[in-house]
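The data block below is protein.cif; it holds mmCIF, C-alpha atoms.
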```cif
data_coords
#
loop_
_atom_site.label_atom_id
_atom_site.label_comp_id
_atom_site.auth_asym_id
_atom_site.auth_seq_id
_atom_site.Cartn_x
_atom_site.Cartn_y
_atom_site.Cartn_z
CA MET B 1146 -7.50 33.86 26.59
CA SER B 1147 -6.24 33.63 30.15
CA ARG B 1148 -2.66 32.46 30.49
CA ILE B 1149 -2.07 29.25 32.45
CA TYR B 1150 0.76 29.14 34.99
CA LEU B 1151 2.68 26.18 36.40
CA ASN B 1152 3.27 27.81 39.76
CA HIS B 1153 4.97 25.08 41.78
CA LEU B 1154 6.42 21.62 41.17
CA GLY B 1155 6.87 18.48 43.24
CA ILE B 1156 8.86 15.66 41.64
CA VAL B 1157 10.34 12.26 42.42
CA CYS B 1158 11.96 9.98 39.85
CA ALA B 1159 15.13 7.97 39.28
CA LEU B 1160 17.11 11.24 39.33
CA GLY B 1161 16.05 11.98 42.90
CA ALA B 1162 13.39 13.72 44.96
CA GLY B 1163 12.81 17.46 44.87
CA ASN B 1164 13.67 20.19 42.41
CA THR B 1165 17.25 20.81 43.54
CA GLU B 1166 18.35 17.17 43.50
CA VAL B 1167 16.63 16.31 40.23
CA ALA B 1168 18.04 19.40 38.47
CA ALA B 1169 21.56 18.67 39.69
CA GLN B 1170 21.42 15.10 38.39
CA LEU B 1171 19.73 16.12 35.15
CA PHE B 1172 22.41 18.61 34.13
CA ARG B 1173 25.54 16.77 35.26
CA ALA B 1174 27.95 16.24 32.39
CA ASP B 1175 30.40 13.69 33.78
CA GLN B 1176 28.19 10.61 33.55
CA PRO B 1177 24.51 9.74 33.22
CA ALA B 1178 22.59 9.36 36.47
CA GLY B 1179 19.32 7.70 37.32
CA LEU B 1180 19.08 4.17 35.99
CA ILE B 1181 20.38 1.13 37.87
CA ALA B 1182 20.87 -2.54 37.03
CA ASP B 1183 18.12 -4.51 38.76
CA SER B 1184 17.08 -8.17 38.88
CA SER B 1185 14.34 -7.86 41.50
CA VAL B 1186 11.50 -7.22 39.06
CA LEU B 1187 12.27 -10.00 36.59
CA ALA B 1188 14.26 -12.56 38.54
CA GLU B 1189 15.48 -14.31 35.40
CA ARG B 1190 16.85 -11.13 33.83
CA THR B 1191 18.86 -8.12 34.94
CA LEU B 1192 17.52 -4.91 33.45
CA MET B 1193 18.33 -1.22 33.63
CA LEU B 1194 15.40 0.36 35.45
CA GLY B 1195 14.52 3.88 36.53
CA ALA B 1196 13.69 2.95 40.12
CA VAL B 1197 13.09 5.63 42.75
CA ALA B 1198 15.78 5.33 45.42
CA ALA B 1199 14.17 7.73 47.91
CA PRO B 1200 12.19 6.05 50.70
CA VAL B 1201 8.55 6.04 49.63
CA ALA B 1202 6.19 7.74 52.03
CA SER B 1203 4.38 5.44 54.44
CA LEU B 1204 0.63 5.19 54.02
CA ASP B 1205 0.01 2.83 56.92
CA GLU B 1206 -2.40 5.24 58.57
CA LEU B 1207 -4.73 5.18 55.58
CA PRO B 1208 -7.48 2.69 54.68
CA ALA B 1209 -6.18 -0.25 52.65
CA ALA B 1210 -7.85 1.09 49.49
CA MET B 1211 -5.57 4.14 49.50
CA ARG B 1212 -2.28 2.34 50.16
CA GLY B 1213 0.27 1.40 47.53
CA ARG B 1214 3.53 2.47 45.92
CA ASN B 1215 1.87 4.70 43.33
CA ASN B 1216 0.21 6.75 46.05
CA GLY B 1217 3.40 6.69 48.10
CA LEU B 1218 5.23 8.32 45.17
CA LEU B 1219 2.43 10.85 44.86
CA ARG B 1220 2.73 11.74 48.54
CA LEU B 1221 6.48 12.30 48.11
CA ALA B 1222 5.76 14.74 45.29
CA LEU B 1223 2.79 16.33 47.04
CA GLU B 1224 4.74 17.08 50.22
CA GLN B 1225 7.00 19.36 48.17
CA ILE B 1226 4.06 21.61 47.20
CA ARG B 1227 1.66 20.97 50.07
CA VAL B 1228 2.12 24.41 51.65
CA GLN B 1229 1.38 26.16 48.36
CA ALA B 1230 -1.53 23.83 47.58
CA GLU B 1231 -3.11 24.42 50.99
CA ALA B 1232 -2.68 28.17 50.53
CA ALA B 1233 -4.58 27.92 47.24
CA ILE B 1234 -7.35 25.94 48.92
CA ALA B 1235 -7.62 28.54 51.68
CA ARG B 1236 -7.79 31.30 49.07
CA TYR B 1237 -10.27 29.74 46.65
CA GLY B 1238 -12.17 27.15 48.66
CA ALA B 1239 -12.05 23.37 48.51
CA SER B 1240 -14.72 23.16 45.80
CA ARG B 1241 -12.69 25.41 43.48
CA VAL B 1242 -9.59 23.19 43.49
CA GLY B 1243 -9.38 20.00 41.43
CA VAL B 1244 -7.00 17.09 40.86
CA ILE B 1245 -6.26 15.79 37.34
CA LEU B 1246 -3.65 13.05 37.03
CA GLY B 1247 -2.32 10.53 34.55
CA THR B 1248 -1.33 6.94 35.28
CA SER B 1249 -1.12 3.59 33.55
CA THR B 1250 -0.42 1.21 36.44
CA SER B 1251 -2.21 2.68 39.46
CA GLY B 1252 -1.93 -0.10 42.10
CA VAL B 1253 -1.27 -3.10 39.86
CA GLY B 1254 1.85 -3.92 41.89
CA GLU B 1255 -0.27 -4.38 44.99
CA GLY B 1256 -2.59 -6.64 43.00
CA GLU B 1257 0.37 -8.76 41.89
CA ALA B 1258 1.60 -9.20 45.45
CA ALA B 1259 -1.90 -10.05 46.68
CA HIS B 1260 -2.43 -12.70 44.00
CA LEU B 1261 0.90 -14.30 44.89
CA GLN B 1262 0.11 -14.38 48.61
CA ARG B 1263 -3.35 -15.76 47.95
CA ARG B 1264 -1.96 -18.55 45.78
CA GLN B 1265 0.72 -19.41 48.32
CA SER B 1266 -1.90 -19.62 51.06
CA GLY B 1267 -4.05 -22.07 49.10
CA GLY B 1268 -6.24 -19.54 47.36
CA GLU B 1269 -8.75 -19.21 50.19
CA ALA B 1270 -8.49 -15.53 51.09
CA TRP B 1271 -7.02 -12.27 49.94
CA PRO B 1272 -4.36 -10.77 52.24
CA PRO B 1273 -5.82 -8.19 54.64
CA GLN B 1274 -3.62 -5.36 53.32
CA PHE B 1275 -5.11 -5.67 49.83
CA HIS B 1276 -8.20 -3.90 48.54
CA TYR B 1277 -9.29 -4.05 44.91
CA VAL B 1278 -9.69 -0.25 44.82
CA GLN B 1279 -5.89 -0.01 44.97
CA GLN B 1280 -5.86 -1.10 41.32
CA GLU B 1281 -8.53 1.28 40.04
CA MET B 1282 -7.30 3.94 37.65
CA GLY B 1283 -9.15 6.70 39.48
CA THR B 1284 -7.52 5.95 42.83
CA PRO B 1285 -4.47 8.27 42.45
CA ALA B 1286 -6.71 11.33 42.00
CA ALA B 1287 -8.97 10.21 44.85
CA PHE B 1288 -5.88 9.85 47.04
CA VAL B 1289 -4.50 13.33 46.30
CA ALA B 1290 -7.94 14.91 46.69
CA ALA B 1291 -8.37 13.20 50.07
CA GLU B 1292 -4.86 14.24 51.17
CA LEU B 1293 -5.72 17.89 50.50
CA GLY B 1294 -9.41 17.80 51.39
CA VAL B 1295 -10.52 19.23 48.04
CA CYS B 1296 -13.88 18.51 46.44
CA GLY B 1297 -13.53 19.99 42.97
CA PRO B 1298 -13.45 17.72 39.91
CA SER B 1299 -10.88 14.98 40.45
CA TYR B 1300 -10.14 12.27 37.91
CA VAL B 1301 -7.45 10.26 36.14
CA ILE B 1302 -6.61 10.13 32.45
CA SER B 1303 -5.15 6.80 31.35
CA THR B 1304 -3.98 6.92 27.74
CA ALA B 1305 -0.65 5.14 28.24
CA CYS B 1306 2.41 7.35 27.73
CA SER B 1307 0.47 10.54 26.92
CA SER B 1308 -1.64 10.36 30.10
CA SER B 1309 -0.09 13.04 32.28
CA ALA B 1310 0.68 15.43 29.43
CA LYS B 1311 -3.04 15.26 28.68
CA ALA B 1312 -3.73 15.87 32.39
CA LEU B 1313 -1.94 19.22 32.07
CA ALA B 1314 -4.08 20.08 29.06
CA ALA B 1315 -7.23 19.07 30.92
CA ALA B 1316 -6.24 21.23 33.89
CA ALA B 1317 -5.77 24.21 31.58
CA ARG B 1318 -9.21 23.73 30.07
CA LEU B 1319 -10.87 23.56 33.50
CA LEU B 1320 -9.18 26.79 34.54
CA ARG B 1321 -10.03 28.63 31.32
CA SER B 1322 -13.64 27.46 31.50
CA GLY B 1323 -13.99 29.03 34.94
CA GLN B 1324 -14.93 25.73 36.61
CA LEU B 1325 -11.85 25.83 38.84
CA ASP B 1326 -9.34 28.32 40.21
CA ALA B 1327 -6.51 25.84 40.87
CA VAL B 1328 -5.62 22.31 39.82
CA ILE B 1329 -3.12 19.80 41.12
CA ALA B 1330 -2.07 18.23 37.81
CA GLY B 1331 0.53 15.65 36.87
CA GLY B 1332 0.91 11.91 37.11
CA ALA B 1333 2.46 8.88 38.73
CA ASP B 1334 3.45 5.37 37.77
CA SER B 1335 5.29 2.68 39.72
CA LEU B 1336 7.39 -0.29 38.69
CA SER B 1337 5.69 -3.66 38.62
CA LYS B 1338 6.45 -7.08 37.20
CA PHE B 1339 3.25 -6.92 35.15
CA THR B 1340 4.39 -3.82 33.26
CA VAL B 1341 8.01 -4.83 32.79
CA SER B 1342 7.04 -8.35 31.72
CA GLY B 1343 4.55 -6.96 29.23
CA PHE B 1344 7.12 -4.77 27.50
CA ALA B 1345 9.66 -7.59 27.64
CA ALA B 1346 7.15 -9.86 25.90
CA LEU B 1347 6.94 -7.29 23.10
CA GLY B 1348 10.71 -7.43 22.72
CA ALA B 1349 10.86 -3.73 23.53
CA VAL B 1350 13.01 -3.74 26.71
CA SER B 1351 16.77 -3.18 26.73
CA ASP B 1352 19.10 -4.82 29.26
CA GLU B 1353 21.39 -1.80 28.90
CA ARG B 1354 20.79 1.92 29.37
CA CYS B 1355 18.50 2.91 26.51
CA ASN B 1356 20.22 4.47 23.51
CA PRO B 1357 17.77 6.71 21.63
CA CYS B 1358 18.58 7.62 18.04
CA SER B 1359 21.58 5.26 17.90
CA LYS B 1360 21.96 2.56 15.29
CA ASN B 1361 22.64 0.27 18.28
CA ARG B 1362 19.43 1.03 20.16
CA LYS B 1363 17.72 -2.01 21.68
CA GLY B 1364 14.57 -0.64 23.29
CA ILE B 1365 13.29 1.05 26.41
CA ASN B 1366 14.07 1.06 30.12
CA ILE B 1367 11.01 1.14 32.35
CA GLY B 1368 11.00 3.72 35.14
CA GLU B 1369 8.76 5.09 37.86
CA GLY B 1370 8.05 8.40 39.51
CA ALA B 1371 5.58 11.20 40.09
CA ALA B 1372 5.35 14.87 39.20
CA LEU B 1373 2.70 17.29 40.45
CA PHE B 1374 2.18 20.90 39.45
CA LEU B 1375 0.05 23.53 41.15
CA VAL B 1376 -1.63 25.06 38.10
CA THR B 1377 -3.51 28.37 38.33
CA LEU B 1378 -4.21 31.62 36.52
CA GLU B 1379 -1.95 33.48 38.98
CA PRO B 1380 1.20 34.76 37.28
CA SER B 1381 4.47 33.01 38.10
CA GLU B 1382 7.78 32.29 36.39
CA VAL B 1383 6.65 29.47 34.07
CA SER B 1384 3.59 29.36 31.86
CA LEU B 1385 1.89 26.51 30.04
CA LEU B 1386 1.80 28.35 26.75
CA GLY B 1387 0.22 25.68 24.62
CA TRP B 1388 -0.89 22.10 24.31
CA GLY B 1389 -2.02 19.84 21.52
CA GLU B 1390 -3.60 16.39 21.35
CA SER B 1391 -4.36 13.96 18.55
CA ALA B 1392 -5.17 10.30 17.94
CA ASP B 1393 -3.79 8.06 15.19
CA ALA B 1394 -5.91 4.93 15.67
CA HIS B 1395 -3.22 3.31 13.54
CA HIS B 1396 -2.12 0.28 15.62
CA MET B 1397 -2.42 -1.02 19.16
CA SER B 1398 1.26 -0.45 19.95
CA ALA B 1399 3.13 0.81 16.86
CA PRO B 1400 3.14 4.48 15.83
CA ASP B 1401 1.86 5.55 12.44
CA PRO B 1402 5.04 5.69 10.32
CA SER B 1403 3.81 8.86 8.62
CA GLY B 1404 3.92 10.74 11.92
CA ASN B 1405 0.85 12.73 10.93
CA GLY B 1406 -0.82 12.30 14.33
CA PRO B 1407 2.20 13.42 16.38
CA ALA B 1408 2.77 16.30 13.95
CA ALA B 1409 -0.83 17.41 14.40
CA ALA B 1410 -0.45 17.46 18.19
CA ILE B 1411 2.78 19.47 17.98
CA GLU B 1412 1.30 21.94 15.50
CA ALA B 1413 -1.78 22.41 17.68
CA ALA B 1414 0.44 23.16 20.69
CA LEU B 1415 2.40 25.72 18.68
CA ARG B 1416 -0.78 27.37 17.38
CA ARG B 1417 -2.22 27.62 20.88
CA ALA B 1418 1.06 29.11 22.09
CA GLU B 1419 1.09 31.48 19.07
CA LEU B 1420 4.62 30.41 18.23
CA GLU B 1421 6.49 29.47 15.08
CA PRO B 1422 8.73 26.38 15.15
CA ALA B 1423 11.86 28.57 15.01
CA GLN B 1424 10.87 30.13 18.35
CA ILE B 1425 11.24 26.85 20.23
CA ASP B 1426 14.58 26.76 22.07
CA TYR B 1427 14.61 23.06 22.98
CA ILE B 1428 12.54 19.91 22.39
CA ASN B 1429 12.23 17.07 24.87
CA LEU B 1430 11.72 14.05 22.63
CA HIS B 1431 9.50 11.12 23.48
CA GLY B 1432 12.74 9.28 22.65
CA THR B 1433 12.00 5.69 23.64
CA ALA B 1434 14.97 4.13 21.77
CA THR B 1435 12.64 1.71 20.01
CA VAL B 1436 13.12 1.20 16.29
CA GLN B 1437 9.70 2.46 15.22
CA ASN B 1438 9.32 5.42 17.58
CA ASP B 1439 12.74 6.88 16.85
CA ARG B 1440 12.24 6.55 13.09
CA MET B 1441 8.84 8.25 13.19
CA GLU B 1442 9.75 10.92 15.73
CA THR B 1443 13.02 12.09 14.19
CA ALA B 1444 11.30 12.43 10.82
CA VAL B 1445 8.47 14.50 12.34
CA VAL B 1446 10.83 16.79 14.25
CA GLN B 1447 13.06 17.36 11.23
CA ARG B 1448 10.01 18.06 9.07
CA LEU B 1449 8.59 20.66 11.48
CA PHE B 1450 11.74 22.17 13.00
CA GLY B 1451 14.65 21.33 10.74
CA ASP B 1452 17.92 20.01 12.12
CA GLN B 1453 19.14 22.96 14.21
CA THR B 1454 16.73 23.06 17.18
CA PRO B 1455 18.40 21.38 20.20
CA VAL B 1456 16.68 18.12 21.15
CA SER B 1457 17.23 15.30 23.60
CA SER B 1458 15.56 12.30 25.15
CA THR B 1459 15.78 12.24 28.94
CA LYS B 1460 14.60 8.63 29.20
CA PRO B 1461 18.20 7.34 29.57
CA LEU B 1462 18.10 9.20 32.91
CA THR B 1463 14.58 8.56 34.20
CA GLY B 1464 13.54 5.46 32.29
CA HIS B 1465 10.20 5.45 30.55
CA THR B 1466 7.77 6.31 33.34
CA LEU B 1467 4.75 5.44 31.18
CA GLY B 1468 1.66 7.30 32.40
CA ALA B 1469 3.85 9.69 34.40
CA ALA B 1470 6.24 10.43 31.51
CA GLY B 1471 4.40 13.47 30.16
CA ALA B 1472 4.37 15.20 33.54
CA ILE B 1473 7.91 14.21 34.52
CA GLU B 1474 9.35 15.38 31.20
CA ALA B 1475 7.36 18.61 31.39
CA ALA B 1476 8.83 18.95 34.89
CA LEU B 1477 12.36 18.59 33.50
CA CYS B 1478 11.52 21.42 31.11
CA TRP B 1479 10.16 23.45 34.05
CA LEU B 1480 13.43 22.86 35.92
CA SER B 1481 15.36 23.92 32.82
CA LEU B 1482 13.57 27.28 33.04
CA ARG B 1483 13.57 27.68 36.84
CA GLU B 1484 16.55 25.81 38.31
CA ASN B 1485 19.15 26.39 35.62
CA PRO B 1486 21.17 29.61 35.98
CA GLN B 1487 23.81 28.40 33.48
CA SER B 1488 21.18 27.82 30.75
CA LEU B 1489 22.27 24.21 30.34
CA LEU B 1490 20.26 22.01 28.00
CA PRO B 1491 18.97 18.60 29.14
CA PRO B 1492 21.57 16.20 27.70
CA HIS B 1493 21.07 13.37 25.25
CA TRP B 1494 23.04 10.41 26.61
CA TRP B 1495 23.83 7.87 23.89
CA ASP B 1496 26.78 6.11 22.26
CA GLY B 1497 27.11 8.71 19.50
CA GLU B 1498 26.67 6.21 16.66
CA SER B 1499 24.07 7.71 14.34
CA ASP B 1500 21.56 5.56 12.53
CA PRO B 1501 21.74 6.47 8.82
CA ASP B 1502 18.08 5.44 8.50
CA LEU B 1503 16.98 8.21 10.89
CA ALA B 1504 16.45 11.88 10.17
CA GLN B 1505 19.38 13.68 11.75
CA LEU B 1506 18.70 16.15 14.58
CA ALA B 1507 20.72 18.47 16.84
CA LEU B 1508 21.16 16.06 19.75
CA VAL B 1509 22.36 17.86 22.87
CA ALA B 1510 25.79 16.80 24.12
CA PRO B 1511 26.19 16.69 27.94
CA GLY B 1512 27.28 20.03 29.34
CA THR B 1513 25.93 22.07 26.41
CA ARG B 1514 24.63 25.54 27.16
CA SER B 1515 21.85 27.08 25.14
CA ALA B 1516 23.07 29.45 22.45
CA ARG B 1517 20.25 31.82 23.39
CA PRO B 1518 18.28 32.38 26.61
CA LEU B 1519 15.96 29.45 27.28
CA ARG B 1520 12.44 30.83 26.91
CA ARG B 1521 10.17 28.33 25.15
CA LEU B 1522 10.46 24.56 25.46
CA LEU B 1523 8.43 21.77 23.86
CA SER B 1524 7.82 18.33 25.37
CA GLN B 1525 6.13 15.61 23.33
CA SER B 1526 4.58 12.28 24.34
CA PHE B 1527 3.38 9.55 21.99
CA ALA B 1528 1.47 6.58 23.36
CA PHE B 1529 0.22 3.12 22.52
CA GLY B 1530 -2.97 3.28 20.51
CA GLY B 1531 -1.80 6.42 18.75
CA SER B 1532 -2.62 8.86 21.57
CA ASN B 1533 -0.37 11.91 21.12
CA ALA B 1534 0.19 15.00 23.25
CA ALA B 1535 2.56 17.95 23.19
CA VAL B 1536 2.99 20.82 25.65
CA VAL B 1537 4.88 24.10 25.34
CA LEU B 1538 6.31 25.72 28.47
CA GLY B 1539 7.52 29.29 28.53
CA ALA B 1540 9.53 31.51 30.83
CA VAL B 1541 7.43 34.53 31.82
CA GLU B 1542 9.06 37.73 30.66
#
```

Structure encoded using structure tokens:
Amino acid sequence: MSRIYLNHLGIVCALGAGNTEVAAQLFRADQPAGLIADSSVLAERTLMLGAVAAPVASLDELPAAMRGRNNGLLRLALEQIRVQAEAAIARYGASRVGVILGTSTSGVGEGEAAHLQRRQSGGEAWPPQFHYVQQEMGTPAAFVAAELGVCGPSYVISTACSSSAKALAAAARLLRSGQLDAVIAGGADSLSKFTVSGFAALGAVSDERCNPCSKNRKGINIGEGAALFLVTLEPSEVSLLGWGESADAHHMSAPDPSGNGPAAAIEAALRRAELEPAQIDYINLHGTATVQNDRMETAVVQRLFGDQTPVSSTKPLTGHTLGAAGAIEAALCWLSLRENPQSLLPPHWWDGESDPDLAQLALVAPGTRSARPLRRLLSQSFAFGGSNAAVVLGAVE
């Protein structure tokens, strides 16, 4: 089978904008970066949030339907790979390039603001800057396709936290099938009161920096961001070696305690990559710092990999970026292979107080270098509804 390559990356998240800035903040060992205390989303409560500090690209020149923070984040990421994307379009043709993205919010923040303005004005008219298409799940892919002028298959996958990891898998299938020669794949999600309030109502949000795998963990921090890869069959330094997907159908929001669904996705990714568990150099955990996810995930990882493979959750740095999480965390793995001459491992920031009820893993201390050259990394994403995805990235030898 043809090998799939993640040729170029554009990223924006709470750690910064661009490969160099994000990598520098990811690997710093003095203190955790990214999250900030914020009371602007829920006025009655100060939360730690993974907000993007970089100015979001203006979309004022576009029709109202294409405006919004989600698309602004996508433009920030796209500008970092635009030259390479346009070169691919020139080489293959606009009909041979597609856009596959993941999201869970799309433009819901714009809908919130419009509802508020409409209510304050007596409920007679929607504000002129609002268009209902801003909220449609397919709009992010339509936006990126319009930005680049491509007319290959373009669509959005919305399966909660596994969305953009599944977008990478979908891109790989389109390339291997011969339907496309290049895909812009990844995801975006933006902060909104709707999302944060929803998780707060579930009792799943922490006021402090999230603390995965600790006995003191109190839940997640919501974040935002975008990551876009140019994915092709052209050899480059990082390959998408494998991917796996599964569905639990166990519960609307809680993971199956057995972990059989996540394990199936991980095992499928390893089989596709033709790797044994011992060949994985590092695992990026889903690592939400919720009671049920951490219990299930640590048990699955210990069962499949033992307790010696280095692991970490990067959500204390980025927040949980929901539909963008799979792509952003794959991007952090990509940076670990490409922008990491010291072979540092993505750190696991926590209070160091182990939960005796959890399977014990080799959590990466800040500043830790890999004991062997970083070659093959696994990133796993487990979503509401039991939608699971895992991807394996590899350095090309």

message = My list of candidates is B:Leu1386, B:Ile1425, B:Arg1173, B:Ser1337. Which is closest to B:Ala1317 when distances are computed with only C-alpha atoms?
response =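 Smallest distance to B:Ala1317 is found for B:Leu1386.
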
Can you report as JSON the centre and edge lengths in Å, to one decimal, of an axis-aligned box around the listed atoms of stretch 1476-1491 of chain B padded with 3 Å on each side?
```
{"center_x": 16.3, "center_y": 24.1, "center_z": 33.2, "size_x": 21.0, "size_y": 17.0, "size_z": 16.3}
```

task = Counting all atoms listed in the file, figure out which residue out of B:Gln1505, B:Ser1249, B:Asn1438, B:Thr1340 gets nearest to B:Gly1451.
result =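 Between B:Gln1505, B:Ser1249, B:Asn1438, B:Thr1340, the residue approaching B:Gly1451 most closely is B:Gln1505.
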
task = Could you tell me which of B:Gly1370, B:Gly1404, B:Gly1243, B:Pro1298 comes closest to B:Ala1162 if we count all atoms listed in the file?
result =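 For B:Ala1162, the nearest of the candidates is B:Gly1370.
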
message = Here's the selection I'm unsure about, the PyMOL selection byres ((chain B and resi 1502) around 12); applied to the file above, which residues does it give, as an MDAnalysis selection string?
response = chainID B and resid 1358:1361 1436:1437 1439:1441 1443:1444 1498:1501 1503:1505

task = Specify as a PyMOL selection string each residue included when the PyMOL selection byres ((chain B and resi 1336) around 10) is applied to this file.
result = chain B and resi 1186+1194-1197+1214-1215+1250+1252-1254+1334-1335+1337-1341+1367-1370+1466-1467

remark   = If you count only C-alpha atoms, the residue of B:Ala1209, B:Ala1540, B:Val1350, B:Leu1319 closest to B:Leu1378 turns out to be B:Leu1319

message = I want to know what sits within 12 Å of B:Ala1333, based on only C-alpha atoms, with residues of the same chain fewer than 5 positions away left out; could you give that as a ChimeraX atom specification?
response = /B:1155-1158,1197,1213-1223,1245-1252,1282-1286,1288-1289,1301-1303,1305-1306,1308-1310,1312,1368-1373,1465-1473

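For the pair atom CA of B:Leu1519 and atom CA of B:Asp1426, the separation is 6.0 Å.
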
ask   = Which residues match the PyMOL selection byres ((chain B and resi 1177-1183) around 10) in the file above, as an MDAnalysis selection string?
value = chainID B and resid 1158:1161 1167 1169:1176 1184:1188 1190:1198 1352:1355 1366:1368 1460:1464 1492:1495 1511

ask   = What is the atom CA of B:Ser1481 to atom CA of B:Arg1514 distance in Å?
value =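 Spanning atom CA of B:Ser1481 to atom CA of B:Arg1514 is a straight-line distance of 11.0 Å.
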
Contacts of stretch 1380-1385 of chain B at 12 Å or less, counting all atoms listed in the file, minus same-chain residues fewer than 2 places along, as an mmCIF file with C-alpha atoms, in the frame of the given file?
```
data_model
loop_
_atom_site.group_PDB
_atom_site.id
_atom_site.type_symbol
_atom_site.label_atom_id
_atom_site.label_comp_id
_atom_site.auth_asym_id
_atom_site.auth_seq_id
_atom_site.Cartn_x
_atom_site.Cartn_y
_atom_site.Cartn_z
ATOM 1 C CA SER B 1147 -6.240 33.630 30.150
ATOM 2 C CA ARG B 1148 -2.660 32.460 30.490
ATOM 3 C CA ILE B 1149 -2.070 29.250 32.450
ATOM 4 C CA TYR B 1150 0.760 29.140 34.990
ATOM 5 C CA LEU B 1151 2.680 26.180 36.400
ATOM 6 C CA ASN B 1152 3.270 27.810 39.760
ATOM 7 C CA HIS B 1153 4.970 25.080 41.780
ATOM 8 C CA LEU B 1154 6.420 21.620 41.170
ATOM 9 C CA ALA B 1310 0.680 15.430 29.430
ATOM 10 C CA LEU B 1313 -1.940 19.220 32.070
ATOM 11 C CA ALA B 1314 -4.080 20.080 29.060
ATOM 12 C CA ALA B 1315 -7.230 19.070 30.920
ATOM 13 C CA ALA B 1316 -6.240 21.230 33.890
ATOM 14 C CA ALA B 1317 -5.770 24.210 31.580
ATOM 15 C CA ARG B 1318 -9.210 23.730 30.070
ATOM 16 C CA LEU B 1320 -9.180 26.790 34.540
ATOM 17 C CA PHE B 1374 2.180 20.900 39.450
ATOM 18 C CA LEU B 1375 0.050 23.530 41.150
ATOM 19 C CA VAL B 1376 -1.630 25.060 38.100
ATOM 20 C CA THR B 1377 -3.510 28.370 38.330
ATOM 21 C CA LEU B 1378 -4.210 31.620 36.520
ATOM 22 C CA GLY B 1387 0.220 25.680 24.620
ATOM 23 C CA TRP B 1388 -0.890 22.100 24.310
ATOM 24 C CA GLY B 1389 -2.020 19.840 21.520
ATOM 25 C CA ALA B 1414 0.440 23.160 20.690
ATOM 26 C CA LEU B 1415 2.400 25.720 18.680
ATOM 27 C CA ARG B 1417 -2.220 27.620 20.880
ATOM 28 C CA ALA B 1418 1.060 29.110 22.090
ATOM 29 C CA ALA B 1475 7.360 18.610 31.390
ATOM 30 C CA ALA B 1476 8.830 18.950 34.890
ATOM 31 C CA CYS B 1478 11.520 21.420 31.110
ATOM 32 C CA TRP B 1479 10.160 23.450 34.050
ATOM 33 C CA LEU B 1480 13.430 22.860 35.920
ATOM 34 C CA SER B 1481 15.360 23.920 32.820
ATOM 35 C CA LEU B 1482 13.570 27.280 33.040
ATOM 36 C CA ARG B 1483 13.570 27.680 36.840
ATOM 37 C CA GLU B 1484 16.550 25.810 38.310
ATOM 38 C CA LEU B 1519 15.960 29.450 27.280
ATOM 39 C CA ARG B 1520 12.440 30.830 26.910
ATOM 40 C CA ARG B 1521 10.170 28.330 25.150
ATOM 41 C CA LEU B 1522 10.460 24.560 25.460
ATOM 42 C CA LEU B 1523 8.430 21.770 23.860
ATOM 43 C CA SER B 1524 7.820 18.330 25.370
ATOM 44 C CA ALA B 1535 2.560 17.950 23.190
ATOM 45 C CA VAL B 1536 2.990 20.820 25.650
ATOM 46 C CA VAL B 1537 4.880 24.100 25.340
ATOM 47 C CA LEU B 1538 6.310 25.720 28.470
ATOM 48 C CA GLY B 1539 7.520 29.290 28.530
ATOM 49 C CA ALA B 1540 9.530 31.510 30.830
ATOM 50 C CA VAL B 1541 7.430 34.530 31.820
ATOM 51 C CA GLU B 1542 9.060 37.730 30.660
#
```

request  = Determine the nearest neighbour of B:Ala1199 from the options B:Val1278, B:Gly1348, B:Gly1297, B:Gly1163, counting all atoms listed in the file.
outcome  =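 Closest to B:Ala1199 of all the choices is B:Gly1163.
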
inquiry  = Between B:Ala1259, B:Val1328, B:Ala1239, B:Cys1296, which residue has the minimum interatomic distance to B:Gln1280, considering all atoms listed in the file?
reply    =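 Once distances to B:Gln1280 are computed over all atoms listed in the file, the minimum belongs to B:Ala1259.
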
message = What's the separation between atom CA of B:Gln1265 and atom CA of B:Gly1343, in Å to one decimal place?
response =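 A separation of 23.1 Å between them.
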
inquiry  = When you look at B:Arg1212 with a cut-off of 7 Å (counting only C-alpha atoms), what residues show up, excluding the ones that are within fewer than 5 positions of it in the same chain? I need them as an MDAnalysis selection string.
reply    = chainID B and resid 1204 1207 1279

key: Protein/DNA/RNA residues near (-2.3, 25.7, 45.8), cut 10 Å, only C-alpha atoms, as a list in words   =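 Taken together, the residues in range are Asn1152, His1153, Ile1226, Arg1227, Val1228, Gln1229, Ala1230, Glu1231, Ala1232, Ala1233, Ile1234, Ala1235, Arg1236, Tyr1237, Val1242, Leu1293, Asp1326, Ala1327, Val1328, Ile1329, Phe1374, Leu1375, Val1376 and Thr1377 of chain B.
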